[in-house]
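Asks: So that you have it, the file is start.cif, and it contains mmCIF, C-alpha atoms:
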```cif
data_target
#
loop_
_atom_site.label_atom_id
_atom_site.label_comp_id
_atom_site.auth_asym_id
_atom_site.auth_seq_id
_atom_site.Cartn_x
_atom_site.Cartn_y
_atom_site.Cartn_z
CA MET Z 30 16.15 0.94 18.64
CA GLU Z 31 15.45 4.51 19.71
CA ARG Z 32 18.78 4.65 21.53
CA LYS Z 33 20.53 3.26 18.46
CA ARG Z 34 18.85 5.85 16.23
CA LYS Z 35 19.96 8.72 18.49
CA GLU Z 36 23.50 7.37 18.52
CA ASP Z 37 23.55 7.23 14.70
CA VAL Z 38 22.28 10.81 14.49
CA LYS Z 39 25.00 11.94 16.87
CA ARG Z 40 27.71 10.15 14.88
CA ASN Z 41 26.43 11.55 11.57
CA SER Z 42 26.34 15.08 13.00
CA LEU Z 43 29.93 14.79 14.24
CA ARG Z 44 31.05 13.40 10.87
CA LEU Z 45 29.29 16.19 8.97
CA LYS Z 46 30.68 18.82 11.32
CA ALA Z 47 34.24 17.61 10.75
CA THR Z 48 33.70 17.76 6.98
CA ILE Z 49 32.26 21.29 7.17
CA GLU Z 50 35.11 22.56 9.36
CA CYS Z 51 37.74 21.21 6.97
CA LEU Z 52 35.96 22.67 3.94
CA MET Z 53 35.62 26.09 5.59
CA TRP Z 54 39.30 26.17 6.51
CA LEU Z 55 40.42 25.22 3.00
CA ALA Z 56 38.04 27.77 1.45
CA LEU Z 57 39.33 30.49 3.78
CA GLN Z 58 42.92 29.70 2.82
CA GLN Z 59 41.96 29.46 -0.88
CA CYS Z 60 43.43 25.98 -1.18
CA ALA Z 61 42.50 23.28 -3.67
CA PHE Z 62 40.34 20.50 -2.22
CA ARG Z 63 41.05 17.49 -4.34
CA GLY Z 64 44.26 15.64 -5.18
CA HIS Z 65 45.44 13.76 -8.24
CA ASP Z 66 45.10 10.42 -6.45
CA GLU Z 67 42.64 10.08 -3.55
CA SER Z 68 42.82 6.29 -3.25
CA LYS Z 69 43.72 4.69 0.07
CA SER Z 70 47.12 3.62 -1.25
CA SER Z 71 48.09 7.19 -2.22
CA ARG Z 72 50.70 9.00 -0.13
CA ASN Z 73 48.94 12.34 -0.67
CA ARG Z 74 45.18 12.10 -1.09
CA GLY Z 75 44.61 15.83 -1.55
CA ASN Z 76 44.20 18.73 0.86
CA PHE Z 77 40.69 17.84 2.03
CA ILE Z 78 41.33 14.20 2.88
CA GLU Z 79 44.74 14.95 4.41
CA LEU Z 80 43.27 17.74 6.59
CA LEU Z 81 40.48 15.41 7.70
CA LYS Z 82 43.11 12.80 8.60
CA PHE Z 83 45.00 15.43 10.59
CA SER Z 84 41.86 16.35 12.55
CA VAL Z 85 41.54 12.71 13.55
CA ILE Z 86 44.86 13.01 15.40
CA LEU Z 87 43.55 15.88 17.49
CA ASN Z 88 40.18 14.35 18.36
CA GLU Z 89 39.57 10.66 19.03
CA ASN Z 90 35.81 11.12 18.81
CA VAL Z 91 36.20 12.33 15.23
CA ASN Z 92 38.49 9.37 14.50
CA SER Z 93 35.71 6.94 15.33
CA VAL Z 94 33.24 8.38 12.78
CA VAL Z 95 35.19 9.55 9.69
CA LEU Z 96 37.03 8.01 6.72
CA GLU Z 97 37.50 4.24 7.15
CA ASN Z 98 35.39 4.23 10.33
CA ALA Z 99 32.40 5.79 8.54
CA PRO Z 100 29.65 3.78 6.80
CA GLY Z 101 30.22 3.33 3.09
CA ASN Z 102 27.08 5.27 2.15
CA SER Z 103 27.62 8.32 4.39
CA LYS Z 104 31.28 9.28 4.50
CA TYR Z 105 30.50 12.92 3.48
CA THR Z 106 33.77 13.17 1.55
CA SER Z 107 32.67 12.86 -2.09
CA PRO Z 108 33.12 15.83 -4.48
CA SER Z 109 29.33 16.21 -4.82
CA VAL Z 110 28.94 16.51 -1.04
CA GLN Z 111 31.78 19.04 -0.91
CA LYS Z 112 30.14 21.18 -3.61
CA GLU Z 113 26.74 21.00 -1.93
CA ILE Z 114 28.14 22.10 1.43
CA LEU Z 115 30.11 24.93 -0.17
CA SER Z 116 27.00 26.03 -2.06
CA ILE Z 117 25.02 26.26 1.18
CA ILE Z 118 27.82 28.21 2.86
CA SER Z 119 28.22 30.59 -0.08
CA ASN Z 120 24.46 31.28 -0.17
CA ARG Z 121 24.52 32.18 3.49
CA VAL Z 122 27.51 34.47 2.92
CA ARG Z 123 25.76 36.21 0.01
CA SER Z 124 22.61 36.64 2.06
CA LYS Z 125 24.68 38.23 4.83
CA ILE Z 126 26.34 40.58 2.34
CA ARG Z 127 22.94 41.50 0.91
CA GLU Z 128 21.68 42.20 4.42
CA GLU Z 129 24.62 44.50 5.13
CA ILE Z 130 24.09 46.47 1.91
CA GLY Z 131 20.38 46.95 2.50
CA ASN Z 132 19.05 49.82 0.36
CA ALA Z 133 22.41 51.60 0.16
CA LYS Z 134 24.12 52.54 -3.08
CA TYR Z 135 26.67 50.11 -4.46
CA CYS Z 136 29.04 49.43 -7.38
CA ILE Z 137 29.88 46.21 -9.18
CA LEU Z 138 33.28 44.99 -10.34
CA VAL Z 139 33.17 42.27 -13.01
CA ASP Z 140 35.94 40.14 -14.44
CA GLU Z 141 36.01 37.02 -16.58
CA SER Z 142 38.57 34.29 -17.00
CA ARG Z 143 38.90 30.66 -18.01
CA ASN Z 144 39.46 27.92 -15.47
CA ASP Z 145 41.77 24.94 -15.99
CA SER Z 146 39.03 23.09 -17.90
CA LYS Z 147 38.79 25.99 -20.40
CA LYS Z 148 35.33 27.05 -19.16
CA GLU Z 149 34.46 30.74 -19.14
CA GLN Z 150 33.66 32.18 -15.71
CA MET Z 151 32.35 35.55 -14.62
CA VAL Z 152 33.24 36.96 -11.20
CA ILE Z 153 31.18 39.68 -9.49
CA VAL Z 154 32.49 41.82 -6.63
CA LEU Z 155 30.28 44.32 -4.79
CA ARG Z 156 31.73 47.62 -3.59
CA CYS Z 157 29.87 49.73 -1.04
CA VAL Z 158 30.26 51.90 2.05
CA ASP Z 159 29.50 50.18 5.35
CA MET Z 160 27.79 51.65 8.41
CA TYR Z 161 31.13 52.96 9.67
CA GLY Z 162 31.81 54.94 6.49
CA CYS Z 163 34.50 52.57 5.21
CA VAL Z 164 34.61 51.33 1.62
CA GLN Z 165 34.21 47.55 1.45
CA GLU Z 166 34.81 45.24 -1.50
CA MET Z 167 33.12 41.86 -1.08
CA PHE Z 168 33.41 38.86 -3.39
CA PHE Z 169 29.79 38.07 -4.23
CA ASP Z 170 29.52 35.36 -6.84
CA ILE Z 171 31.25 33.39 -9.57
CA GLN Z 172 29.14 32.12 -12.44
CA ARG Z 173 29.91 29.99 -15.45
CA VAL Z 174 28.93 31.63 -18.76
CA ASP Z 175 28.73 30.24 -22.28
CA ASP Z 176 30.68 33.16 -23.74
CA THR Z 177 31.85 36.63 -22.76
CA ARG Z 178 29.78 38.78 -25.10
CA ALA Z 179 28.24 41.91 -23.67
CA LEU Z 180 24.70 40.53 -23.80
CA THR Z 181 25.68 37.28 -22.07
CA LEU Z 182 27.47 39.07 -19.24
CA LYS Z 183 24.57 41.49 -18.86
CA LYS Z 184 22.07 38.64 -18.51
CA GLY Z 185 24.28 36.90 -15.94
CA ILE Z 186 24.76 40.05 -13.87
CA THR Z 187 21.05 40.92 -14.01
CA LYS Z 188 20.07 37.40 -12.97
CA ILE Z 189 22.30 37.46 -9.89
CA LEU Z 190 21.32 40.98 -8.80
CA ASN Z 191 17.60 40.30 -9.24
CA TYR Z 192 17.81 37.01 -7.34
CA TYR Z 193 19.20 38.77 -4.28
CA GLY Z 194 16.98 41.82 -4.63
CA LEU Z 195 19.73 44.32 -5.46
CA GLU Z 196 17.97 47.17 -7.26
CA ASN Z 197 19.61 48.40 -10.46
CA GLU Z 198 18.56 51.94 -9.51
CA ASN Z 199 20.95 51.80 -6.54
CA MET Z 200 23.93 50.89 -8.72
CA ARG Z 201 26.32 53.85 -8.95
CA GLY Z 202 29.22 52.38 -10.89
CA GLN Z 203 30.49 49.46 -12.96
CA GLY Z 204 34.05 48.29 -13.38
CA TYR Z 205 35.32 45.70 -15.84
CA ASP Z 206 38.89 44.40 -15.63
CA GLY Z 207 39.94 42.25 -18.54
CA ALA Z 208 36.41 41.25 -19.56
CA SER Z 209 36.63 40.37 -23.23
CA ASN Z 210 33.54 42.39 -24.10
CA MET Z 211 35.51 45.46 -23.06
CA ARG Z 212 38.29 44.45 -25.44
CA GLY Z 213 36.21 43.37 -28.44
CA GLN Z 214 32.50 42.89 -28.01
CA TRP Z 215 31.73 46.46 -27.00
CA ASN Z 216 33.42 47.84 -30.09
CA GLY Z 217 31.21 45.71 -32.28
CA ALA Z 218 33.35 42.62 -32.91
CA SER Z 219 30.38 40.22 -32.81
CA ASP Z 220 27.17 41.96 -31.76
CA PRO Z 221 25.40 44.16 -34.35
CA ASN Z 222 23.35 45.95 -31.68
CA VAL Z 223 26.47 46.83 -29.77
CA THR Z 224 28.12 47.98 -32.98
CA ALA Z 225 25.31 50.44 -33.63
CA LYS Z 226 25.40 51.79 -30.09
CA VAL Z 227 29.17 52.21 -30.04
CA GLY Z 228 29.13 53.85 -33.45
CA GLU Z 229 26.44 56.23 -32.27
CA ALA Z 230 28.41 57.07 -29.13
CA GLN Z 231 31.54 57.78 -31.19
CA SER Z 232 29.57 60.05 -33.53
CA ILE Z 233 28.16 61.98 -30.58
CA SER Z 234 31.64 62.33 -29.08
CA GLU Z 235 33.03 63.68 -32.34
CA GLU Z 236 30.13 66.09 -32.71
CA MET Z 237 30.66 67.43 -29.19
CA ARG Z 238 34.27 68.27 -30.06
CA SER Z 239 33.32 70.17 -33.22
CA PHE Z 240 33.48 73.95 -33.71
CA ARG Z 241 29.76 74.08 -34.53
CA PHE Z 242 28.82 72.44 -31.23
CA VAL Z 243 31.03 74.85 -29.24
CA PHE Z 244 29.64 77.81 -31.20
CA VAL Z 245 26.02 76.85 -30.51
CA LEU Z 246 26.68 76.21 -26.80
CA HIS Z 247 28.28 79.65 -26.37
CA LEU Z 248 25.39 81.26 -28.23
CA MET Z 249 22.84 79.52 -26.00
CA TYR Z 250 24.77 80.60 -22.91
CA LYS Z 251 24.89 84.21 -24.14
CA ILE Z 252 21.16 84.37 -24.90
CA MET Z 253 20.13 82.66 -21.67
CA ARG Z 254 22.16 85.13 -19.62
CA ILE Z 255 20.23 87.95 -21.26
CA THR Z 256 16.80 86.35 -20.81
CA GLU Z 257 17.41 85.00 -17.29
CA ILE Z 258 16.30 88.19 -15.48
CA LEU Z 259 13.05 88.27 -17.45
CA CYS Z 260 12.39 84.59 -16.74
CA GLN Z 261 12.92 85.11 -13.00
CA SER Z 262 10.61 88.15 -12.98
CA LEU Z 263 7.79 86.29 -14.72
CA GLN Z 264 8.04 83.30 -12.33
CA LYS Z 265 7.66 85.27 -9.09
CA LYS Z 266 4.57 84.54 -7.00
CA THR Z 267 3.91 88.27 -6.50
CA LEU Z 268 4.28 89.64 -10.00
CA ASP Z 269 5.11 93.33 -10.39
CA ILE Z 270 3.65 94.13 -13.80
CA VAL Z 271 5.52 97.40 -14.28
CA ASN Z 272 8.94 95.85 -13.50
CA ALA Z 273 8.13 92.74 -15.52
CA MET Z 274 7.21 94.80 -18.61
CA SER Z 275 10.33 96.87 -18.09
CA SER Z 276 12.35 93.63 -18.10
CA VAL Z 277 10.70 92.66 -21.39
CA SER Z 278 11.77 95.93 -23.01
CA THR Z 279 15.28 95.63 -21.58
CA THR Z 280 15.64 92.05 -22.81
CA LYS Z 281 14.58 93.05 -26.32
CA SER Z 282 17.09 95.92 -26.34
CA LEU Z 283 19.94 93.68 -25.14
CA LEU Z 284 19.16 91.05 -27.79
CA ARG Z 285 19.12 93.68 -30.52
CA GLU Z 286 22.41 95.07 -29.23
CA LEU Z 287 23.92 91.57 -29.28
CA ARG Z 288 22.76 91.07 -32.85
CA GLU Z 289 24.06 94.40 -34.17
CA GLU Z 290 27.24 94.91 -32.15
CA GLY Z 291 28.11 91.68 -30.34
CA TRP Z 292 29.39 89.47 -33.15
CA GLU Z 293 33.07 90.36 -32.98
CA ASP Z 294 33.38 89.85 -29.21
CA PHE Z 295 31.35 86.66 -29.42
CA ILE Z 296 33.34 84.98 -32.20
CA THR Z 297 36.61 85.99 -30.52
CA THR Z 298 35.51 84.25 -27.30
CA VAL Z 299 34.53 81.10 -29.19
CA VAL Z 300 37.82 80.93 -31.11
CA LYS Z 301 39.85 81.37 -27.90
CA PHE Z 302 37.88 78.59 -26.21
CA CYS Z 303 38.48 76.24 -29.15
CA GLY Z 304 42.19 77.02 -29.15
CA LYS Z 305 42.43 76.32 -25.42
CA HIS Z 306 40.69 72.95 -25.72
CA ASP Z 307 42.23 71.75 -29.02
CA VAL Z 308 39.02 72.10 -31.03
CA HIS Z 309 39.64 72.69 -34.74
CA THR Z 310 38.58 76.20 -35.86
CA PRO Z 311 37.56 76.49 -39.53
CA ASN Z 312 38.82 79.23 -41.83
CA MET Z 313 36.10 81.89 -41.74
CA GLU Z 314 37.12 83.20 -45.16
CA ALA Z 315 36.80 79.82 -46.87
CA LEU Z 316 33.74 78.91 -48.93
CA TYR Z 317 31.03 77.18 -46.93
CA MET Z 318 30.15 73.76 -48.36
CA GLU Z 319 26.66 72.45 -47.71
CA GLY Z 320 25.53 68.83 -47.76
CA THR Z 321 28.06 66.50 -49.32
CA GLY Z 322 29.95 69.38 -50.95
CA ARG Z 323 28.63 68.81 -54.47
CA SER Z 324 28.30 71.96 -56.59
CA CYS Z 325 24.58 71.46 -57.16
CA GLN Z 326 23.98 71.70 -53.39
CA GLN Z 327 25.79 75.04 -52.91
CA ARG Z 328 24.15 78.48 -52.81
CA ASP Z 329 25.58 81.93 -53.53
CA ASN Z 330 29.16 80.85 -52.68
CA ILE Z 331 28.87 82.12 -49.09
CA THR Z 332 31.83 81.99 -46.69
CA VAL Z 333 32.07 80.01 -43.47
CA GLY Z 334 32.02 83.24 -41.45
CA HIS Z 335 28.85 84.38 -43.24
CA HIS Z 336 27.18 81.06 -42.49
CA TYR Z 337 27.94 81.23 -38.78
CA ARG Z 338 27.02 84.90 -38.43
CA VAL Z 339 23.91 85.13 -40.62
CA ASP Z 340 22.51 81.59 -40.70
CA ILE Z 341 23.14 80.74 -37.05
CA PHE Z 342 23.99 83.81 -34.93
CA ASN Z 343 21.53 86.33 -36.42
CA THR Z 344 18.81 83.78 -37.13
CA THR Z 345 18.82 82.45 -33.56
CA ILE Z 346 18.60 85.93 -32.04
CA ASP Z 347 15.85 86.89 -34.52
CA CYS Z 348 13.83 83.85 -33.41
CA GLN Z 349 14.12 84.98 -29.78
CA LEU Z 350 13.03 88.53 -30.67
CA LEU Z 351 10.08 87.27 -32.72
CA GLU Z 352 8.96 85.07 -29.84
CA LEU Z 353 9.14 87.99 -27.39
CA ASP Z 354 7.24 90.23 -29.81
CA ARG Z 355 4.59 87.56 -30.24
CA ARG Z 356 4.11 87.07 -26.52
CA PHE Z 357 4.59 90.73 -25.51
CA PRO Z 358 3.51 93.11 -28.32
CA GLU Z 359 3.95 96.84 -27.66
CA ASP Z 360 0.22 97.60 -27.31
CA THR Z 361 -0.20 94.77 -24.80
CA ILE Z 362 2.76 96.03 -22.75
CA GLU Z 363 1.28 99.54 -22.67
CA LEU Z 364 -2.13 98.19 -21.64
CA LEU Z 365 -0.64 96.13 -18.81
CA ILE Z 366 1.33 99.11 -17.49
CA LEU Z 367 -1.80 101.30 -17.49
CA SER Z 368 -3.83 98.53 -15.82
CA SER Z 369 -1.31 98.33 -13.01
CA CYS Z 370 -2.56 101.73 -11.81
CA LEU Z 371 -5.81 100.03 -10.78
CA ASP Z 372 -4.00 97.76 -8.34
CA PRO Z 373 -4.89 98.91 -4.75
CA ARG Z 374 -1.34 98.10 -3.69
CA SER Z 375 0.22 100.49 -6.21
CA TYR Z 376 1.39 104.02 -5.29
CA SER Z 377 -0.44 105.56 -8.25
CA MET Z 378 -3.78 104.20 -7.06
CA TRP Z 379 -3.35 105.85 -3.66
CA ILE Z 380 -2.59 109.22 -5.28
CA VAL Z 381 -5.80 109.02 -7.33
CA PHE Z 382 -7.76 108.03 -4.22
CA VAL Z 383 -6.41 110.99 -2.19
CA ILE Z 384 -7.22 113.45 -4.98
CA LEU Z 385 -10.78 112.18 -5.30
CA LEU Z 386 -11.27 112.26 -1.55
CA ARG Z 387 -10.02 115.84 -1.33
CA ASN Z 388 -12.28 117.03 -4.15
CA SER Z 389 -15.33 115.41 -2.55
CA THR Z 390 -14.73 117.16 0.83
CA LEU Z 391 -14.37 120.51 -0.86
#
```
Will you turn the file into structure tokens for me?

Replies:
Amino acid sequence: MERKRKEDVKRNSLRLKATIECLMWLALQQCAFRGHDESKSSRNRGNFIELLKFSVILNENVNSVVLENAPGNSKYTSPSVQKEILSIISNRVRSKIREEIGNAKYCILVDESRNDSKKEQMVIVLRCVDMYGCVQEMFFDIQRVDDTRALTLKKGITKILNYYGLENENMRGQGYDGASNMRGQWNGASDPNVTAKVGEAQSISEEMRSFRFVFVLHLMYKIMRITEILCQSLQKKTLDIVNAMSSVSTTKSLLRELREEGWEDFITTVVKFCGKHDVHTPNMEALYMEGTGRSCQQRDNITVGHHYRVDIFNTTIDCQLLELDRRFPEDTIELLILSSCLDPRSYSMWIVFVILLRNSTL
């Protein structure tokens, strides 16, 4: 009985090995497994059965354990057995891919399509750089989804990545080719949350291409260039009080000069930038309309140029000057400069020390 049991195990292993080899070859060649008619009387029983029959010709040992020579309850040729074996193989392949990626950065490529049975499927491809510095694209998984909305695809992707321990923080890019959420769902065709987000993104994009946005950015750049030297002086580990207070006075003077004399050069630079990058420049002589443009919301019939110069340009610089005056009033600056003479490292302190020493010896 023991010898019979060992013989059965050996025959089952050979039968299973033949099935696995045929499945792996067909999967590698991307061939269909099943045929329209897999009955014994059929002339073409499908790629899998026909390949298994061909392997019998090459190996008599395989011939004695497969197909008609196999027990009725363990032929290892049914569609369920094929799917189970392929699932085991695919899991091992995915685990190997995950091992190769490790903690490196990666990208995902996602596509969706319908199979012949009209079922939606989502395909995920991982893109990364291997240990040799070469870019690799590896087919990772195919998953059936109920629909192709953005939220559904996101849940499917997250589920797969989390299962294999691929951190979202290491993802450096996403590519979608033909996914229907890129064609409709992302622009709000069926998801209210997505609609709000897309609408918000479009509003931000439009605002960033407005004259006001360009104007404010140039003004910030101009002011920060003036205040940069002062900021660097105040952040040094060994602070020179005299030079720092001198930087405060210089910064105030430059800001005042920008306010009184820098408008023309500044607005000319902004207009040239807008013309170069196709940003609409408003008519500075036109009346400035506040709010929705209703007459009850307007004030003093000011022009657009007046609004940008007085309400934005001058007001912003005035805020900077007020902040500097609040933090560094004139009496405090004078006191700090005088106190610096008491620093033993200062030149003035050594002069006072020499004078006192000389007087005491006399």

Asks: Check the smallest atom-to-atom distance from each of Z:Asn312, Z:Gln111, Z:Asn90, Z:Asn343 to Trp292 of chain Z using all atoms listed in the file, then report the winner.

Replies: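 Nearest to Trp292 of chain Z: Z:Asn343.
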
Asks: Taking all atoms listed in the file into account, which of Z:Ala315, Z:Asp360, Z:Leu180, Z:Ile258 comes nearest Asn272 of chain Z?

Replies: Z:Ile258

Asks: Carefully work through the PyMOL selection byres ((chain Z and resi 85) around 12) for this structure and note down the residues it includes, as a VMD selection string.

Replies: chain Z and resid 43 to 44 47 to 48 51 78 to 84 86 to 98

Asks: Selection from above, C-alpha atoms, as a PDB file, keeping the file's coordinate frame, can you write it?

Replies:
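What landed in result.pdb:
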```pdb
ATOM      1  CA  LEU Z  43      29.930  14.790  14.240  1.00  0.00           C
ATOM      2  CA  ARG Z  44      31.050  13.400  10.870  1.00  0.00           C
ATOM      3  CA  ALA Z  47      34.240  17.610  10.750  1.00  0.00           C
ATOM      4  CA  THR Z  48      33.700  17.760   6.980  1.00  0.00           C
ATOM      5  CA  CYS Z  51      37.740  21.210   6.970  1.00  0.00           C
ATOM      6  CA  ILE Z  78      41.330  14.200   2.880  1.00  0.00           C
ATOM      7  CA  GLU Z  79      44.740  14.950   4.410  1.00  0.00           C
ATOM      8  CA  LEU Z  80      43.270  17.740   6.590  1.00  0.00           C
ATOM      9  CA  LEU Z  81      40.480  15.410   7.700  1.00  0.00           C
ATOM     10  CA  LYS Z  82      43.110  12.800   8.600  1.00  0.00           C
ATOM     11  CA  PHE Z  83      45.000  15.430  10.590  1.00  0.00           C
ATOM     12  CA  SER Z  84      41.860  16.350  12.550  1.00  0.00           C
ATOM     13  CA  ILE Z  86      44.860  13.010  15.400  1.00  0.00           C
ATOM     14  CA  LEU Z  87      43.550  15.880  17.490  1.00  0.00           C
ATOM     15  CA  ASN Z  88      40.180  14.350  18.360  1.00  0.00           C
ATOM     16  CA  GLU Z  89      39.570  10.660  19.030  1.00  0.00           C
ATOM     17  CA  ASN Z  90      35.810  11.120  18.810  1.00  0.00           C
ATOM     18  CA  VAL Z  91      36.200  12.330  15.230  1.00  0.00           C
ATOM     19  CA  ASN Z  92      38.490   9.370  14.500  1.00  0.00           C
ATOM     20  CA  SER Z  93      35.710   6.940  15.330  1.00  0.00           C
ATOM     21  CA  VAL Z  94      33.240   8.380  12.780  1.00  0.00           C
ATOM     22  CA  VAL Z  95      35.190   9.550   9.690  1.00  0.00           C
ATOM     23  CA  LEU Z  96      37.030   8.010   6.720  1.00  0.00           C
ATOM     24  CA  GLU Z  97      37.500   4.240   7.150  1.00  0.00           C
ATOM     25  CA  ASN Z  98      35.390   4.230  10.330  1.00  0.00           C
TER      26      ASN Z  98
END
```

Asks: Name all residues at most 9 Å from Ile130 of chain Z (count only C-alpha atoms; drop same-chain ones fewer than 5 positions away) and give them as a list in words.

Replies: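 Skipping anything fewer than 5 positions along the chain leaves Lys125, Tyr135, Cys157, Val158, Asp159 and Leu195 of chain Z.
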
Asks: Neighbouring residues of Thr280 of chain Z were defined as those with any atom within 8 Å, considering all atoms listed in the file; residues of the same chain fewer than 6 positions away were excluded. Please report them as a VMD selection string.

Replies: chain Z and resid 255 to 256 259

Asks: For the provided coordinates, the residues matched by the PyMOL selection byres ((chain Z and resi 52) around 8) should be stated as a PyMOL selection string.

Replies: chain Z and resi 48-51+53-56+62+77+111+115

Asks: I'd like to see the residues matched by the PyMOL selection byres ((chain Z and resi 153) around 7) on this file, and ideally I'd get them as a list in words.

Replies: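 Here the PyMOL selection byres ((chain Z and resi 153) around 7) matches Ile137, Leu138, Val139, Asp140, Met151, Val152, Val154, Leu155, Phe168, Phe169, Asp170 and Ile171 of chain Z.
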
Asks: Could those selected residues go to a file with C-alpha atoms, as a CSV table (one decimal), in the coordinates of the input?

Replies:
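Result file is again37.csv:
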```csv
chain,number,residue,atom,x,y,z
Z,137,ILE,CA,29.9,46.2,-9.2
Z,138,LEU,CA,33.3,45.0,-10.3
Z,139,VAL,CA,33.2,42.3,-13.0
Z,140,ASP,CA,35.9,40.1,-14.4
Z,151,MET,CA,32.4,35.6,-14.6
Z,152,VAL,CA,33.2,37.0,-11.2
Z,154,VAL,CA,32.5,41.8,-6.6
Z,155,LEU,CA,30.3,44.3,-4.8
Z,168,PHE,CA,33.4,38.9,-3.4
Z,169,PHE,CA,29.8,38.1,-4.2
Z,170,ASP,CA,29.5,35.4,-6.8
Z,171,ILE,CA,31.2,33.4,-9.6
```

Asks: Measuring atom to atom with all atoms listed in the file, identify which of Z:Thr279, Z:Thr106, Z:Gln165, Z:Asn41 is nearest to Arg74 of chain Z.

Replies: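 The answer is Z:Thr106, which sits nearest to Arg74 of chain Z.
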
Asks: Please indicate the distance in Å from atom CA of Thr332 of chain Z to atom CA of Met313 of chain Z, rounded to one decimal place.

Replies: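 Computing it gives 6.5 Å between the two atoms.
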
Asks: Quick one: residues within 8 Å of His309 of chain Z, all atoms listed in the file, excluding same-chain residues fewer than 3 positions away - as a ChimeraX atom specification?

Replies: /Z:239-240,303-304

Asks: Just write the chosen residues, C-alpha atoms, as a compact mmCIF listing (two decimals), in the coordinates of the input.

Replies:
```txt
# COMPACT_ATOMS: atom_id res chain seq x y z
CA SER Z 239 33.32 70.17 -33.22
CA PHE Z 240 33.48 73.95 -33.71
CA CYS Z 303 38.48 76.24 -29.15
CA GLY Z 304 42.19 77.02 -29.15
```

Asks: Applying 10 Å and only C-alpha atoms, which residues near His335 of chain Z remain after dropping the ones on its own chain fewer than 2 positions away? List them as an MDAnalysis selection string.

Replies: chainID Z and resid 313:317 331:333 337:342

Asks: Could you please determine the separation between atom CA of Glu141 of chain Z and atom CA of Arg173 of chain Z in Å, to one decimal place?

Replies: 9.4 Å

Asks: Between atom CA of Pro311 of chain Z and atom CA of Glu236 of chain Z, measure the distance and give it in Å to one decimal.

Replies: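 It comes out at 14.5 Å.
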
Asks: Of the candidates Z:Asp294, Z:Asp347, Z:Glu31, Z:Glu352, which shows the shortest atom-to-atom distance to Val277 of chain Z, using all atoms listed in the file?

Replies: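 Using all atoms listed in the file, Val277 of chain Z sits closest to Z:Glu352.
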
Asks: If I put a ball of radius 9 Å at (32.7, 80.9, -27.7) in the file's coordinates, which residues poke into it when counting all atoms listed in the file, written as a list in words?

Replies: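 The residues near that point, listed by chain and number, are Val243, Phe244, Val245, Leu246, His247, Leu248, Phe295, Ile296, Thr297, Thr298, Val299, Val300, Lys301, Phe302 and Cys303 of chain Z.
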
Asks: Within 8 Å of (13.9, 91.9, -28.4), in the coordinates the file gives, what residues turn up when you count only C-alpha atoms, written out as a PDB file with C-alpha atoms, in the frame of the given file?

Replies:
```
ATOM      1  CA  VAL Z 277      10.700  92.660 -21.390  1.00  0.00           C
ATOM      2  CA  SER Z 278      11.770  95.930 -23.010  1.00  0.00           C
ATOM      3  CA  THR Z 279      15.280  95.630 -21.580  1.00  0.00           C
ATOM      4  CA  THR Z 280      15.640  92.050 -22.810  1.00  0.00           C
ATOM      5  CA  LYS Z 281      14.580  93.050 -26.320  1.00  0.00           C
ATOM      6  CA  SER Z 282      17.090  95.920 -26.340  1.00  0.00           C
ATOM      7  CA  LEU Z 283      19.940  93.680 -25.140  1.00  0.00           C
ATOM      8  CA  LEU Z 284      19.160  91.050 -27.790  1.00  0.00           C
ATOM      9  CA  ARG Z 285      19.120  93.680 -30.520  1.00  0.00           C
ATOM     10  CA  GLN Z 349      14.120  84.980 -29.780  1.00  0.00           C
ATOM     11  CA  LEU Z 350      13.030  88.530 -30.670  1.00  0.00           C
ATOM     12  CA  LEU Z 351      10.080  87.270 -32.720  1.00  0.00           C
ATOM     13  CA  LEU Z 353       9.140  87.990 -27.390  1.00  0.00           C
ATOM     14  CA  ASP Z 354       7.240  90.230 -29.810  1.00  0.00           C
TER      15      ASP Z 354
END
```
